[in-house]
$ cat query_28.txt   # compact mmCIF, C-alpha atoms
# COMPACT_ATOMS: atom_id res chain seq x y z
CA MET A 192 0.00 0.00 0.00
CA PHE A 193 2.84 2.32 0.94
CA PHE A 194 4.58 1.44 -2.31
CA LEU A 195 1.45 2.32 -4.35
CA ARG A 196 1.06 5.64 -2.53
CA LYS A 197 4.72 6.55 -2.92
CA TYR A 198 4.93 5.76 -6.61
CA LYS A 199 1.34 6.53 -7.64
CA THR A 200 2.37 9.19 -10.20
CA ILE A 201 4.87 6.89 -11.90
CA ILE A 202 2.41 3.98 -11.84
CA PHE A 203 -0.27 6.19 -13.37
CA VAL A 204 1.98 7.37 -16.23
CA ALA A 205 3.20 3.82 -16.82
CA ALA A 206 -0.44 2.69 -16.97
CA LEU A 207 -1.16 5.29 -19.67
CA LEU A 208 1.80 4.01 -21.69
CA VAL A 209 0.61 0.42 -21.27
CA VAL A 210 -2.90 1.39 -22.43
CA ALA A 211 -1.40 2.98 -25.56
CA LEU A 212 0.72 -0.12 -26.21
CA ILE A 213 -2.32 -2.39 -25.79
CA MET A 214 -4.24 -0.23 -28.29
CA ILE A 215 -1.40 -0.54 -30.82
CA SER A 216 -1.02 -4.30 -30.46
CA TYR A 217 -4.79 -4.86 -30.55
CA ASN A 218 -5.15 -2.83 -33.74
CA LEU A 219 -2.16 -4.49 -35.36
CA LYS A 220 -3.64 -7.89 -34.63
CA TYR A 221 -7.31 -7.29 -35.41
CA GLY A 222 -7.10 -4.36 -37.82
CA THR A 223 -8.38 -0.79 -37.43
CA ASP A 224 -11.09 -0.71 -34.80
CA GLN A 225 -14.61 0.66 -35.25
CA SER A 226 -14.81 1.55 -31.57
CA PHE A 227 -17.49 3.67 -29.97
CA SER A 228 -14.92 6.15 -28.63
CA ARG A 229 -13.56 6.71 -32.11
CA LYS A 230 -17.06 7.35 -33.46
CA ILE A 231 -17.69 9.86 -30.67
CA VAL A 232 -14.45 11.75 -31.44
CA LEU A 233 -15.26 11.81 -35.15
CA GLU A 234 -18.80 13.03 -34.47
CA ALA A 235 -17.48 15.77 -32.19
CA MET A 236 -14.82 16.75 -34.70
CA ALA A 237 -17.21 17.01 -37.67
CA PRO A 238 -19.00 20.28 -36.71
CA VAL A 239 -15.70 22.00 -35.89
CA GLN A 240 -14.18 20.87 -39.19
CA LYS A 241 -17.34 21.92 -41.05
CA VAL A 242 -17.29 25.42 -39.57
CA LEU A 243 -13.60 25.88 -40.34
CA ASN A 244 -13.99 24.39 -43.80
CA TYR A 245 -17.03 26.48 -44.74
CA SER A 246 -15.44 29.69 -43.54
CA ILE A 247 -12.32 29.02 -45.56
CA THR A 248 -14.31 27.97 -48.63
CA GLY A 249 -16.38 31.14 -48.26
CA VAL A 250 -13.30 33.35 -48.18
CA LYS A 251 -11.81 31.44 -51.11
CA ASP A 252 -15.01 31.77 -53.18
CA ASN A 253 -15.27 35.49 -52.52
CA TRP A 254 -11.66 35.92 -53.52
CA LEU A 255 -12.23 34.07 -56.76
CA ARG A 256 -15.53 35.86 -57.45
CA TYR A 257 -14.57 39.46 -56.88
CA ILE A 258 -10.83 39.85 -56.88
CA SER A 259 -9.56 37.52 -59.53
CA LEU A 260 -11.86 38.80 -62.29
CA VAL A 261 -8.82 40.10 -64.12
CA GLY A 262 -8.26 38.16 -67.31
CA MET A 263 -11.77 36.68 -67.21
CA GLU A 264 -12.63 37.85 -70.73
CA ALA A 265 -9.61 36.18 -72.29
CA GLU A 266 -10.30 33.04 -70.28
CA ASN A 267 -13.93 33.12 -71.43
CA LYS A 268 -12.87 33.22 -75.05
CA ASN A 269 -10.45 30.36 -74.53
CA LEU A 270 -13.09 28.28 -72.78
CA LYS A 271 -15.60 28.85 -75.59
CA LYS A 272 -13.00 27.70 -78.06
CA GLN A 273 -12.32 24.64 -75.92
CA ILE A 274 -16.05 23.86 -75.69
CA ASN A 275 -16.33 23.81 -79.47
CA GLU A 276 -13.32 21.54 -79.75
CA LEU A 277 -14.63 19.23 -77.03
CA LYS A 278 -18.05 19.08 -78.70
CA ALA A 279 -16.37 17.65 -81.77
CA VAL A 280 -14.45 15.14 -79.65
CA LEU A 281 -17.64 14.21 -77.77
CA LEU A 282 -19.43 13.45 -81.01
CA SER A 283 -16.73 11.02 -82.03
CA TYR A 284 -16.84 9.40 -78.58
CA GLN A 285 -20.61 9.05 -78.77
CA GLU A 286 -20.17 7.24 -82.04
CA GLY A 287 -17.61 4.95 -80.45
CA TYR A 288 -19.86 4.34 -77.44
CA GLN A 289 -22.81 3.39 -79.56
CA GLU A 290 -20.63 1.05 -81.56
CA ALA A 291 -19.36 -0.55 -78.33
CA GLN A 292 -22.94 -1.00 -77.11
CA ARG A 293 -23.88 -2.76 -80.35
CA LEU A 294 -20.83 -5.02 -80.11
CA LYS A 295 -21.60 -5.76 -76.45
CA LYS A 296 -25.08 -6.83 -77.40
CA LEU A 297 -23.69 -9.05 -80.10
CA LEU A 298 -21.31 -10.69 -77.64
CA SER A 299 -24.10 -11.01 -75.03
CA LEU A 300 -22.11 -9.05 -72.48
CA SER A 301 -23.98 -7.05 -69.92
CA ASN A 302 -23.13 -4.98 -66.88
CA ASP A 303 -22.67 -7.28 -63.94
CA TYR A 304 -23.16 -4.66 -61.32
CA ASN A 305 -25.66 -2.01 -60.49
CA TYR A 306 -23.64 0.97 -59.26
CA GLN A 307 -25.16 3.58 -57.03
CA PHE A 308 -23.32 6.67 -55.98
CA ILE A 309 -23.65 8.67 -52.78
CA SER A 310 -22.13 12.11 -52.94
CA ALA A 311 -20.35 13.63 -49.95
CA ARG A 312 -18.41 16.73 -49.10
CA VAL A 313 -14.84 16.72 -47.77
CA ILE A 314 -14.81 18.40 -44.36
CA GLY A 315 -11.26 17.75 -43.28
CA ARG A 316 -7.89 16.42 -44.27
CA GLU A 317 -5.69 14.62 -41.77
CA GLN A 318 -2.40 14.23 -43.55
CA ALA A 319 0.64 13.15 -41.60
CA ALA A 320 3.97 12.33 -43.25
CA LEU A 321 3.06 8.66 -43.64
CA SER A 322 -0.73 8.71 -43.72
CA ARG A 323 -3.27 10.37 -45.97
CA ILE A 324 -6.84 10.44 -44.70
CA ILE A 325 -9.81 12.71 -45.41
CA LEU A 326 -13.01 13.23 -43.45
CA ILE A 327 -16.38 13.35 -45.24
CA ASN A 328 -19.79 14.56 -44.05
CA LYS A 329 -21.71 11.30 -44.57
CA GLY A 330 -21.86 8.22 -42.36
CA SER A 331 -23.74 5.03 -41.58
CA THR A 332 -27.09 6.91 -41.47
CA ASP A 333 -26.58 7.65 -45.19
CA GLY A 334 -25.94 3.98 -45.96
CA LEU A 335 -22.15 4.03 -45.88
CA LYS A 336 -20.12 1.03 -44.74
CA ALA A 337 -16.41 0.54 -44.13
CA GLY A 338 -14.61 -0.76 -47.21
CA MET A 339 -16.76 1.01 -49.82
CA PRO A 340 -14.77 2.45 -52.75
CA VAL A 341 -14.55 6.24 -53.05
CA LEU A 342 -14.29 8.15 -56.32
CA ALA A 343 -13.56 11.66 -57.45
CA PRO A 344 -14.14 11.85 -61.19
CA PRO A 345 -12.43 10.68 -63.31
CA GLY A 346 -11.19 7.87 -61.07
CA LEU A 347 -10.89 6.06 -57.78
CA ILE A 348 -9.30 7.86 -54.85
CA GLY A 349 -9.57 5.43 -51.93
CA ARG A 350 -11.89 3.53 -49.63
CA LEU A 351 -13.84 4.10 -46.43
CA VAL A 352 -11.95 2.87 -43.37
CA ASP A 353 -14.06 4.18 -40.50
CA VAL A 354 -17.73 4.99 -40.65
CA SER A 355 -19.38 6.88 -37.83
CA TRP A 356 -23.05 7.96 -37.83
CA HIS A 357 -22.63 11.25 -39.69
CA VAL A 358 -18.98 11.34 -40.63
CA SER A 359 -16.51 8.90 -42.19
CA ARG A 360 -12.79 8.56 -42.79
CA VAL A 361 -11.45 7.82 -46.26
CA LEU A 362 -8.04 6.20 -46.66
CA LEU A 363 -6.60 7.71 -49.84
CA PHE A 364 -4.67 5.62 -52.36
CA ILE A 365 -1.57 7.69 -51.73
CA ASP A 366 -1.46 6.55 -48.08
CA GLU A 367 1.62 4.42 -47.45
CA ASN A 368 -0.58 1.58 -46.13
CA SER A 369 -2.79 1.43 -49.22
CA ASN A 370 -2.43 -1.46 -51.71
CA ILE A 371 -4.72 -2.18 -54.67
CA ASP A 372 -4.64 -4.83 -57.36
CA ALA A 373 -4.38 -3.04 -60.71
CA ILE A 374 -3.72 -3.62 -64.40
CA VAL A 375 -2.23 -1.66 -67.28
CA GLN A 376 -5.13 -0.79 -69.60
CA ARG A 377 -3.09 -1.22 -72.80
CA ASN A 378 -1.70 -4.73 -72.29
CA ARG A 379 -3.44 -6.00 -69.09
CA THR A 380 -0.17 -6.39 -67.15
CA GLN A 381 -1.13 -7.01 -63.55
CA GLY A 382 0.53 -5.57 -60.43
CA ILE A 383 -0.06 -3.87 -57.11
CA ILE A 384 -0.56 -0.13 -56.75
CA SER A 385 0.87 1.13 -53.45
CA GLY A 386 0.59 4.57 -51.93
CA ALA A 387 3.76 6.65 -51.78
CA GLY A 388 2.57 9.83 -50.05
CA SER A 389 3.56 13.02 -51.81
CA ARG A 390 5.24 10.98 -54.58
CA GLY A 391 1.85 9.66 -55.67
CA LEU A 392 1.65 5.92 -56.38
CA ILE A 393 4.03 3.06 -57.09
CA PHE A 394 3.15 0.16 -59.41
CA LYS A 395 4.85 -2.89 -57.89
CA TYR A 396 5.81 -6.42 -58.89
CA ILE A 397 6.06 -5.85 -62.64
CA SER A 398 8.91 -7.93 -64.03
CA LYS A 399 11.53 -6.31 -66.24
CA THR A 400 10.36 -8.32 -69.25
CA GLN A 401 6.95 -6.62 -69.20
CA ASP A 402 6.16 -3.79 -71.57
CA VAL A 403 5.11 -0.80 -69.46
CA LYS A 404 5.70 2.69 -70.79
CA GLU A 405 5.30 6.23 -69.55
CA GLY A 406 1.79 7.42 -70.29
CA ASP A 407 0.16 3.98 -69.82
CA VAL A 408 -3.18 4.15 -68.05
CA ILE A 409 -3.58 2.08 -64.87
CA ILE A 410 -7.03 0.77 -63.93
CA SER A 411 -8.39 -1.37 -61.10
CA SER A 412 -8.35 -5.10 -61.82
CA GLY A 413 -11.44 -5.99 -59.80
CA MET A 414 -9.51 -8.68 -57.90
CA GLY A 415 -10.23 -8.89 -54.20
CA GLY A 416 -13.81 -7.70 -54.59
CA VAL A 417 -13.32 -4.28 -52.96
CA PHE A 418 -12.92 -2.16 -56.06
CA PRO A 419 -14.88 -2.70 -59.27
CA LYS A 420 -12.96 -3.57 -62.41
CA GLY A 421 -11.94 -0.89 -64.89
CA MET A 422 -11.91 2.17 -62.64
CA LEU A 423 -9.23 4.73 -63.50
CA ILE A 424 -6.38 5.00 -61.00
CA GLY A 425 -3.61 6.95 -62.68
CA GLN A 426 -1.07 7.26 -65.45
CA VAL A 427 2.50 5.91 -65.51
CA SER A 428 4.79 8.90 -65.04
CA HIS A 429 8.17 7.20 -64.79
CA VAL A 430 9.62 3.74 -65.46
CA ASP A 431 13.02 2.89 -64.01
CA ARG A 432 14.72 -0.13 -65.64
CA GLN A 433 18.22 0.59 -64.33
CA ASP A 434 17.75 -0.78 -60.82
CA GLY A 435 19.40 -4.11 -60.01
CA GLY A 436 16.23 -5.85 -58.75
CA LEU A 437 13.91 -8.27 -60.51
CA PHE A 438 11.09 -5.78 -60.93
CA LEU A 439 10.59 -2.45 -62.64
CA LYS A 440 10.33 0.68 -60.53
CA ILE A 441 7.19 2.35 -61.84
CA THR A 442 5.83 5.64 -60.56
CA VAL A 443 2.19 6.42 -61.25
CA ALA A 444 0.63 9.88 -61.14
CA PRO A 445 -2.96 9.76 -59.86
CA TYR A 446 -5.62 11.50 -61.97
CA THR A 447 -6.92 13.36 -58.94
CA ASP A 448 -5.23 16.25 -57.20
CA PHE A 449 -5.71 15.06 -53.62
CA SER A 450 -4.99 18.47 -52.14
CA LYS A 451 -7.99 19.97 -53.96
CA LEU A 452 -10.65 17.37 -53.17
CA GLU A 453 -13.96 19.00 -52.25
CA GLU A 454 -16.74 16.64 -53.30
CA ILE A 455 -16.46 12.89 -53.68
CA LEU A 456 -18.65 9.94 -54.63
CA ILE A 457 -19.03 6.68 -52.75
CA LEU A 458 -19.84 3.53 -54.68
CA SER A 459 -22.60 2.19 -52.48
CA SER A 460 -24.15 -0.96 -53.90
CA ASP A 461 -21.40 -2.66 -55.76
CA GLU A 462 -22.54 -6.13 -54.76
CA THR A 463 -26.12 -5.74 -56.08
CA LYS A 464 -26.09 -7.92 -59.15
CA ILE A 465 -28.62 -7.48 -61.91
CA LYS A 466 -30.35 -10.66 -62.77
CA MET B 226 -11.47 19.39 -12.62
CA LEU B 227 -12.29 22.02 -15.23
CA TYR B 228 -8.90 21.35 -16.78
CA TYR B 229 -9.66 17.63 -17.28
CA LEU B 230 -13.19 18.30 -18.56
CA SER B 231 -12.07 20.89 -21.09
CA LEU B 232 -9.14 18.80 -22.39
CA PRO B 233 -11.10 16.66 -24.91
CA PHE B 234 -12.84 19.74 -26.38
CA LEU B 235 -9.65 21.75 -26.57
CA SER B 236 -7.78 18.87 -28.19
CA ILE B 237 -10.52 18.42 -30.82
CA LEU B 238 -10.50 22.15 -31.53
CA LEU B 239 -6.72 22.31 -31.77
CA ILE B 240 -6.41 19.28 -34.03
CA ALA B 241 -9.18 20.55 -36.32
CA LEU B 242 -7.41 23.90 -36.46
CA GLN B 243 -4.00 22.42 -37.20
CA SER B 244 -5.42 20.22 -39.98
CA THR B 245 -7.08 23.25 -41.57
CA VAL B 246 -3.94 25.37 -41.31
CA THR B 247 -1.87 22.51 -42.76
CA ASP B 248 -4.34 22.13 -45.59
CA ILE B 249 -4.42 25.84 -46.48
CA ILE B 250 -0.74 26.64 -46.20
CA PHE B 251 0.97 23.42 -47.24
CA SER B 252 -1.78 21.68 -49.30
CA GLY B 253 -1.10 18.45 -47.40
CA ARG B 254 2.58 18.29 -48.40
CA LEU B 255 3.86 19.17 -44.94
CA VAL B 256 2.23 18.84 -41.54
CA PHE B 257 2.17 21.68 -39.07
CA GLU B 258 1.81 19.77 -35.80
CA LEU B 259 0.79 22.42 -33.29
CA SER B 260 -0.31 19.67 -30.88
CA LEU B 261 3.33 18.56 -30.57
CA ILE B 262 4.36 22.06 -29.42
CA VAL B 263 1.54 21.94 -26.85
CA ILE B 264 2.87 18.60 -25.55
CA ILE B 265 6.40 20.01 -25.25
CA TYR B 266 5.04 23.12 -23.53
CA ALA B 267 3.20 20.83 -21.10
CA GLY B 268 6.45 18.93 -20.49
CA PHE B 269 8.18 22.19 -19.54
CA HIS B 270 5.39 23.71 -17.44
CA LEU B 271 2.91 21.12 -16.13
CA ASP B 272 3.20 18.45 -13.45
CA LEU B 273 3.58 14.79 -14.40
CA ILE B 274 -0.05 13.68 -14.03
CA ARG B 275 -1.71 16.67 -15.73
CA GLY B 276 0.82 16.63 -18.57
CA ALA B 277 0.61 12.87 -19.11
CA ILE B 278 -3.20 13.07 -19.31
CA LEU B 279 -2.93 15.96 -21.76
CA ALA B 280 -0.51 13.97 -23.92
CA PHE B 281 -2.78 10.92 -23.74
CA VAL B 282 -5.91 12.87 -24.74
CA PHE B 283 -4.18 14.75 -27.58
CA GLY B 284 -2.62 11.56 -28.90
CA PHE B 285 -5.89 9.67 -28.67
CA VAL B 286 -7.85 12.38 -30.55
CA TRP B 287 -5.15 12.54 -33.22
CA ASP B 288 -5.26 8.71 -33.50
CA CYS B 289 -9.06 8.75 -33.88
CA VAL B 290 -9.03 11.41 -36.55
CA GLY B 291 -5.87 11.03 -38.54
CA GLY B 292 -3.92 8.00 -37.38
CA SER B 293 -3.70 4.80 -39.36
CA VAL B 294 -2.83 2.70 -36.30
CA PRO B 295 -4.88 3.70 -33.23
CA GLY B 296 -2.69 4.06 -30.17
CA LEU B 297 0.50 4.98 -32.01
CA TYR B 298 0.24 8.76 -31.62
CA THR B 299 -1.00 8.30 -28.05
CA PHE B 300 2.14 6.34 -27.22
CA ILE B 301 4.50 8.72 -29.02
CA TYR B 302 2.92 11.83 -27.46
CA ILE B 303 3.30 10.40 -23.95
CA LEU B 304 6.94 9.54 -24.71
CA ILE B 305 7.60 13.07 -25.99
CA PHE B 306 5.90 14.57 -22.95
CA LEU B 307 8.03 12.43 -20.61
CA PHE B 308 11.16 13.33 -22.56
CA SER B 309 10.34 17.07 -22.32
CA PHE B 310 9.39 16.76 -18.66
CA PHE B 311 12.63 15.10 -17.57
CA VAL B 312 14.86 17.19 -19.84
CA SER B 313 13.29 20.47 -18.64
CA ASP B 314 15.29 20.21 -15.39
CA TRP B 315 18.53 20.31 -17.38
CA LEU B 316 17.61 22.97 -19.91
CA ASP B 317 17.03 26.69 -19.67
CA THR B 318 13.50 26.51 -21.06
CA GLY B 319 13.13 30.28 -21.16
CA LYS B 320 15.70 30.71 -23.94
CA ILE B 321 14.30 31.03 -27.48
CA TYR B 322 17.03 28.96 -29.12
CA VAL B 323 16.59 26.16 -26.56
CA ILE B 324 12.84 25.98 -27.27
CA ALA B 325 13.41 26.08 -31.04
CA CYS B 326 16.14 23.41 -31.03
CA PHE B 327 14.27 21.15 -28.63
CA CYS B 328 11.02 21.31 -30.66
CA PHE B 329 13.02 20.64 -33.84
CA LEU B 330 14.61 17.60 -32.19
CA CYS B 331 11.29 16.26 -30.83
CA SER B 332 9.54 16.64 -34.19
CA PHE B 333 12.40 14.85 -35.91
CA LEU B 334 12.44 12.08 -33.27
CA LYS B 335 8.67 11.63 -33.55
CA GLU B 336 8.89 11.14 -37.31
CA ILE B 337 11.80 8.71 -36.94
CA ILE B 338 9.80 6.62 -34.44
CA LEU B 339 6.80 6.69 -36.81
CA PHE B 340 8.96 5.66 -39.74
CA LEU B 341 10.57 2.81 -37.78
CA PHE B 342 7.17 1.60 -36.64
CA TYR B 343 5.71 1.63 -40.17
CA PHE B 344 8.85 0.01 -41.52
CA LEU B 345 8.85 -2.79 -38.93
CA ALA B 346 5.08 -3.35 -38.88
CA PHE B 347 4.14 -2.86 -42.54
CA LYS B 348 7.51 -2.99 -44.38
CA ILE B 349 6.67 0.25 -46.16
CA ASP B 350 8.86 1.35 -49.03
CA VAL B 351 9.75 5.02 -48.48
CA LEU B 352 12.10 7.04 -50.68
CA MET B 353 14.48 8.07 -47.91
CA ASN B 354 15.83 11.28 -49.49
CA THR B 355 12.37 12.75 -50.08
CA TYR B 356 11.11 11.58 -46.70
CA PHE B 357 14.01 13.12 -44.83
CA VAL B 358 13.58 16.42 -46.68
CA VAL B 359 9.89 16.44 -45.68
CA ILE B 360 10.46 15.63 -42.02
CA PHE B 361 13.40 18.04 -41.83
CA LEU B 362 11.26 20.89 -43.21
CA GLN B 363 8.41 19.98 -40.87
CA ALA B 364 10.73 19.97 -37.87
CA LEU B 365 12.27 23.26 -38.99
CA ILE B 366 8.90 25.00 -39.32
CA LEU B 367 7.80 23.64 -35.96
CA GLY B 368 11.08 24.69 -34.34
CA LEU B 369 10.73 28.21 -35.73
CA PHE B 370 7.13 28.57 -34.63
CA ALA B 371 7.57 27.04 -31.16
CA PRO B 372 9.16 30.14 -29.50
CA VAL B 373 6.25 32.26 -30.82
CA PHE B 374 3.75 29.80 -29.33
CA PHE B 375 5.62 29.69 -26.01
CA TYR B 376 5.73 33.49 -25.89
CA LEU B 377 2.02 33.86 -26.69
CA THR B 378 1.04 31.20 -24.15
CA ASP B 379 3.17 32.87 -21.48
CA ARG B 380 1.53 36.21 -22.27
CA ALA B 381 -1.93 34.64 -22.10
CA GLU B 382 -1.03 33.04 -18.77
CA ALA B 383 0.18 36.40 -17.48
CA PHE B 384 -3.02 38.06 -18.68
CA PHE B 385 -5.37 35.52 -17.10
CA TYR B 386 -3.51 34.62 -13.92
CA GLY B 387 -1.41 37.72 -13.40
CA LYS B 388 1.87 35.80 -13.57
CA LYS B 389 5.03 37.33 -14.93
CA ALA B 390 5.44 36.50 -18.67

$ encode --input "query_28.txt" --output "structure tokens"
Amino acid sequence: MFFLRKYKTIIFVAALLVVALIMISYNLKYGTDQSFSRKIVLEAMAPVQKVLNYSITGVKDNWLRYISLVGMEAENKNLKKQINELKAVLLSYQEGYQEAQRLKKLLSLSNDYNYQFISARVIGREQAALSRIILINKGSTDGLKAGMPVLAPPGLIGRLVDVSWHVSRVLLFIDENSNIDAIVQRNRTQGIISGAGSRGLIFKYISKTQDVKEGDVIISSGMGGVFPKGMLIGQVSHVDRQDGGLFLKITVAPYTDFSKLEEILILSSDETKIK
Amino acid sequence: MLYYLSLPFLSILLIALQSTVTDIIFSGRLVFELSLIVIIYAGFHLDLIRGAILAFVFGFVWDCVGGSVPGLYTFIYILIFLFSFFVSDWLDTGKIYVIACFCFLCSFLKEIILFLFYFLAFKIDVLMNTYFVVIFLQALILGLFAPVFFYLTDRAEAFFYGKKA
């Protein structure tokens, strides 16, 4: 008893350290927890993040609306020109799409999945040196579940890791812990896309005999069942063949600028098959 | 008691604020970890129990919101608090350069521990040159800002409690 009273401060601090260590080992063994305390913290954090986010967005919008009007006329002209060019491109794509639909019918191929999207707004970014996570303003009450794929047109950006009632955490592809099965669109070479933080993405386990070039488009392979097949991930930005290892060192630039994410889409009913 | 009750709210507010500041100024490329300066300040000024609880709460909130492995930041924050607490007896914590250098060192140490953990637990493949540049810059920014934070906090303390800043 005397011992406990004498060293109570040290015992208390040691207990806090032990609690932290237990949390780490538990989560390493059983994966990221969906604990009640975590949900409470996320729920409490959401309004604060929203207020901060809306105020900053408001200031930003006003800045863009009133102050940066300089050069708007020239930009307008350029945009009109671009619209006309894109209309022409769109027409050719529509032709191609219709042709693909006809061919699909001929080959009796149909969409296997019925995709439904839930839109959400980004309310916070928690980006440490080795982790990239964003907070969104939708949760389990909106039908979200952990593991659902998240998109920001034109491609995938990550998946839900923690879902609280009204707020969720999205683990971005560029997080160092993120790994996705992917293929090269041009020649179907399969590998693993891993997050590399500010460097973007790394396409791993591609042998040196494979033909992968800069500019190749990388899409999800659909393996593992988390992400649907054919979703855009990024474009090969650098291929290093000089290294002594067995595999190529391939850097992939994601299509999305993760620092400018504002609205995202969650693929909600991937597993609903059409009969 | 008020101190312990207000801790969770203050930590949530501070972490939300630091994420927003990081997002605006650095676009997610660097992290401005104001909470780490608070932990070091607590190590220099608070008693062991109050400081350890502060470090635990801040680390836990940061783990819930931004951490990939829950418990990791909690553990590291308590370690940094203990380090600051025991070192404060040996350092002149009123000197600007001492505060700046110590915060730089703690930020750097924290990132090294994080890196070692990720490397040992997940075998992550990090480009060392780029990573060291990032953590060096982060530590530098934190080290430069820390004396300002310490000064402002001392002034606030003097204003509210009438102590000498």

$ residues_around --input "query_28.txt" --residues "region 335-342 of chain A" --least-positions-apart "4" --cutoff "8 Å" --atoms "only C-alpha atoms" --output "count of residues only"
20

$ residues_around --input "query_28.txt" --residues "Phe333 (chain B)" --least-positions-apart "4" --cutoff "8 Å" --atoms "all atoms listed in the file" --output "list in words"
Phe329, Ile337, Ile360, Phe361 and Ala364 of chain B

$ write_last_selection --input "query_28.txt" --atoms "C-alpha atoms" --output "PDB file, in the coordinates of the input"
ATOM      1  CA  PHE B 329      13.020  20.640 -33.840  1.00  0.00           C
ATOM      2  CA  ILE B 337      11.800   8.710 -36.940  1.00  0.00           C
ATOM      3  CA  ILE B 360      10.460  15.630 -42.020  1.00  0.00           C
ATOM      4  CA  PHE B 361      13.400  18.040 -41.830  1.00  0.00           C
ATOM      5  CA  ALA B 364      10.730  19.970 -37.870  1.00  0.00           C
TER       6      ALA B 364
END

$ interface_residues --input "query_28.txt" --of "chain A" --to "chain B" --cutoff "8 Å" --atoms "all atoms listed in the file" --output "MDAnalysis selection string"
chainID A and resid 200 203:204 207:208 211:215 218:219 223:224 229 232:233 235:236 239:240 243:244 315:324 360 367:368 387 389 450:451

$ write_last_selection --input "query_28.txt" --atoms "C-alpha atoms" --output "PDB file, in the frame of the given file"
ATOM      1  CA  THR A 200       2.370   9.190 -10.200  1.00  0.00           C
ATOM      2  CA  PHE A 203      -0.270   6.190 -13.370  1.00  0.00           C
ATOM      3  CA  VAL A 204       1.980   7.370 -16.230  1.00  0.00           C
ATOM      4  CA  LEU A 207      -1.160   5.290 -19.670  1.00  0.00           C
ATOM      5  CA  LEU A 208       1.800   4.010 -21.690  1.00  0.00           C
ATOM      6  CA  ALA A 211      -1.400   2.980 -25.560  1.00  0.00           C
ATOM      7  CA  LEU A 212       0.720  -0.120 -26.210  1.00  0.00           C
ATOM      8  CA  ILE A 213      -2.320  -2.390 -25.790  1.00  0.00           C
ATOM      9  CA  MET A 214      -4.240  -0.230 -28.290  1.00  0.00           C
ATOM     10  CA  ILE A 215      -1.400  -0.540 -30.820  1.00  0.00           C
ATOM     11  CA  ASN A 218      -5.150  -2.830 -33.740  1.00  0.00           C
ATOM     12  CA  LEU A 219      -2.160  -4.490 -35.360  1.00  0.00           C
ATOM     13  CA  THR A 223      -8.380  -0.790 -37.430  1.00  0.00           C
ATOM     14  CA  ASP A 224     -11.090  -0.710 -34.800  1.00  0.00           C
ATOM     15  CA  ARG A 229     -13.560   6.710 -32.110  1.00  0.00           C
ATOM     16  CA  VAL A 232     -14.450  11.750 -31.440  1.00  0.00           C
ATOM     17  CA  LEU A 233     -15.260  11.810 -35.150  1.00  0.00           C
ATOM     18  CA  ALA A 235     -17.480  15.770 -32.190  1.00  0.00           C
ATOM     19  CA  MET A 236     -14.820  16.750 -34.700  1.00  0.00           C
ATOM     20  CA  VAL A 239     -15.700  22.000 -35.890  1.00  0.00           C
ATOM     21  CA  GLN A 240     -14.180  20.870 -39.190  1.00  0.00           C
ATOM     22  CA  LEU A 243     -13.600  25.880 -40.340  1.00  0.00           C
ATOM     23  CA  ASN A 244     -13.990  24.390 -43.800  1.00  0.00           C
ATOM     24  CA  GLY A 315     -11.260  17.750 -43.280  1.00  0.00           C
ATOM     25  CA  ARG A 316      -7.890  16.420 -44.270  1.00  0.00           C
ATOM     26  CA  GLU A 317      -5.690  14.620 -41.770  1.00  0.00           C
ATOM     27  CA  GLN A 318      -2.400  14.230 -43.550  1.00  0.00           C
ATOM     28  CA  ALA A 319       0.640  13.150 -41.600  1.00  0.00           C
ATOM     29  CA  ALA A 320       3.970  12.330 -43.250  1.00  0.00           C
ATOM     30  CA  LEU A 321       3.060   8.660 -43.640  1.00  0.00           C
ATOM     31  CA  SER A 322      -0.730   8.710 -43.720  1.00  0.00           C
ATOM     32  CA  ARG A 323      -3.270  10.370 -45.970  1.00  0.00           C
ATOM     33  CA  ILE A 324      -6.840  10.440 -44.700  1.00  0.00           C
ATOM     34  CA  ARG A 360     -12.790   8.560 -42.790  1.00  0.00           C
ATOM     35  CA  GLU A 367       1.620   4.420 -47.450  1.00  0.00           C
ATOM     36  CA  ASN A 368      -0.580   1.580 -46.130  1.00  0.00           C
ATOM     37  CA  ALA A 387       3.760   6.650 -51.780  1.00  0.00           C
ATOM     38  CA  SER A 389       3.560  13.020 -51.810  1.00  0.00           C
ATOM     39  CA  SER A 450      -4.990  18.470 -52.140  1.00  0.00           C
ATOM     40  CA  LYS A 451      -7.990  19.970 -53.960  1.00  0.00           C
TER      41      LYS A 451
END

$ atom_distance --input "query_28.txt" --atom1 "CA of Asn328 (chain A)" --atom2 "CA of Pro345 (chain A)"
21.0 Å

$ atom_distance --input "query_28.txt" --atom1 "CA of Arg390 (chain A)" --atom2 "CA of Asn370 (chain A)"
14.9 Å

$ atom_distance --input "query_28.txt" --atom1 "CA of Gly319 (chain B)" --atom2 "CA of Leu377 (chain B)"
12.9 Å

$ residues_around --input "query_28.txt" --residues "Phe438 (chain A)" --least-positions-apart "6" --cutoff "8 Å" --atoms "all atoms listed in the file" --output "count of residues only"
5

$ closest_residue --input "query_28.txt" --among "A:Ile327, A:Ala343, A:Leu439, A:Val210" --to "Trp356 (chain A)" --atoms "only C-alpha atoms"
A:Ile327
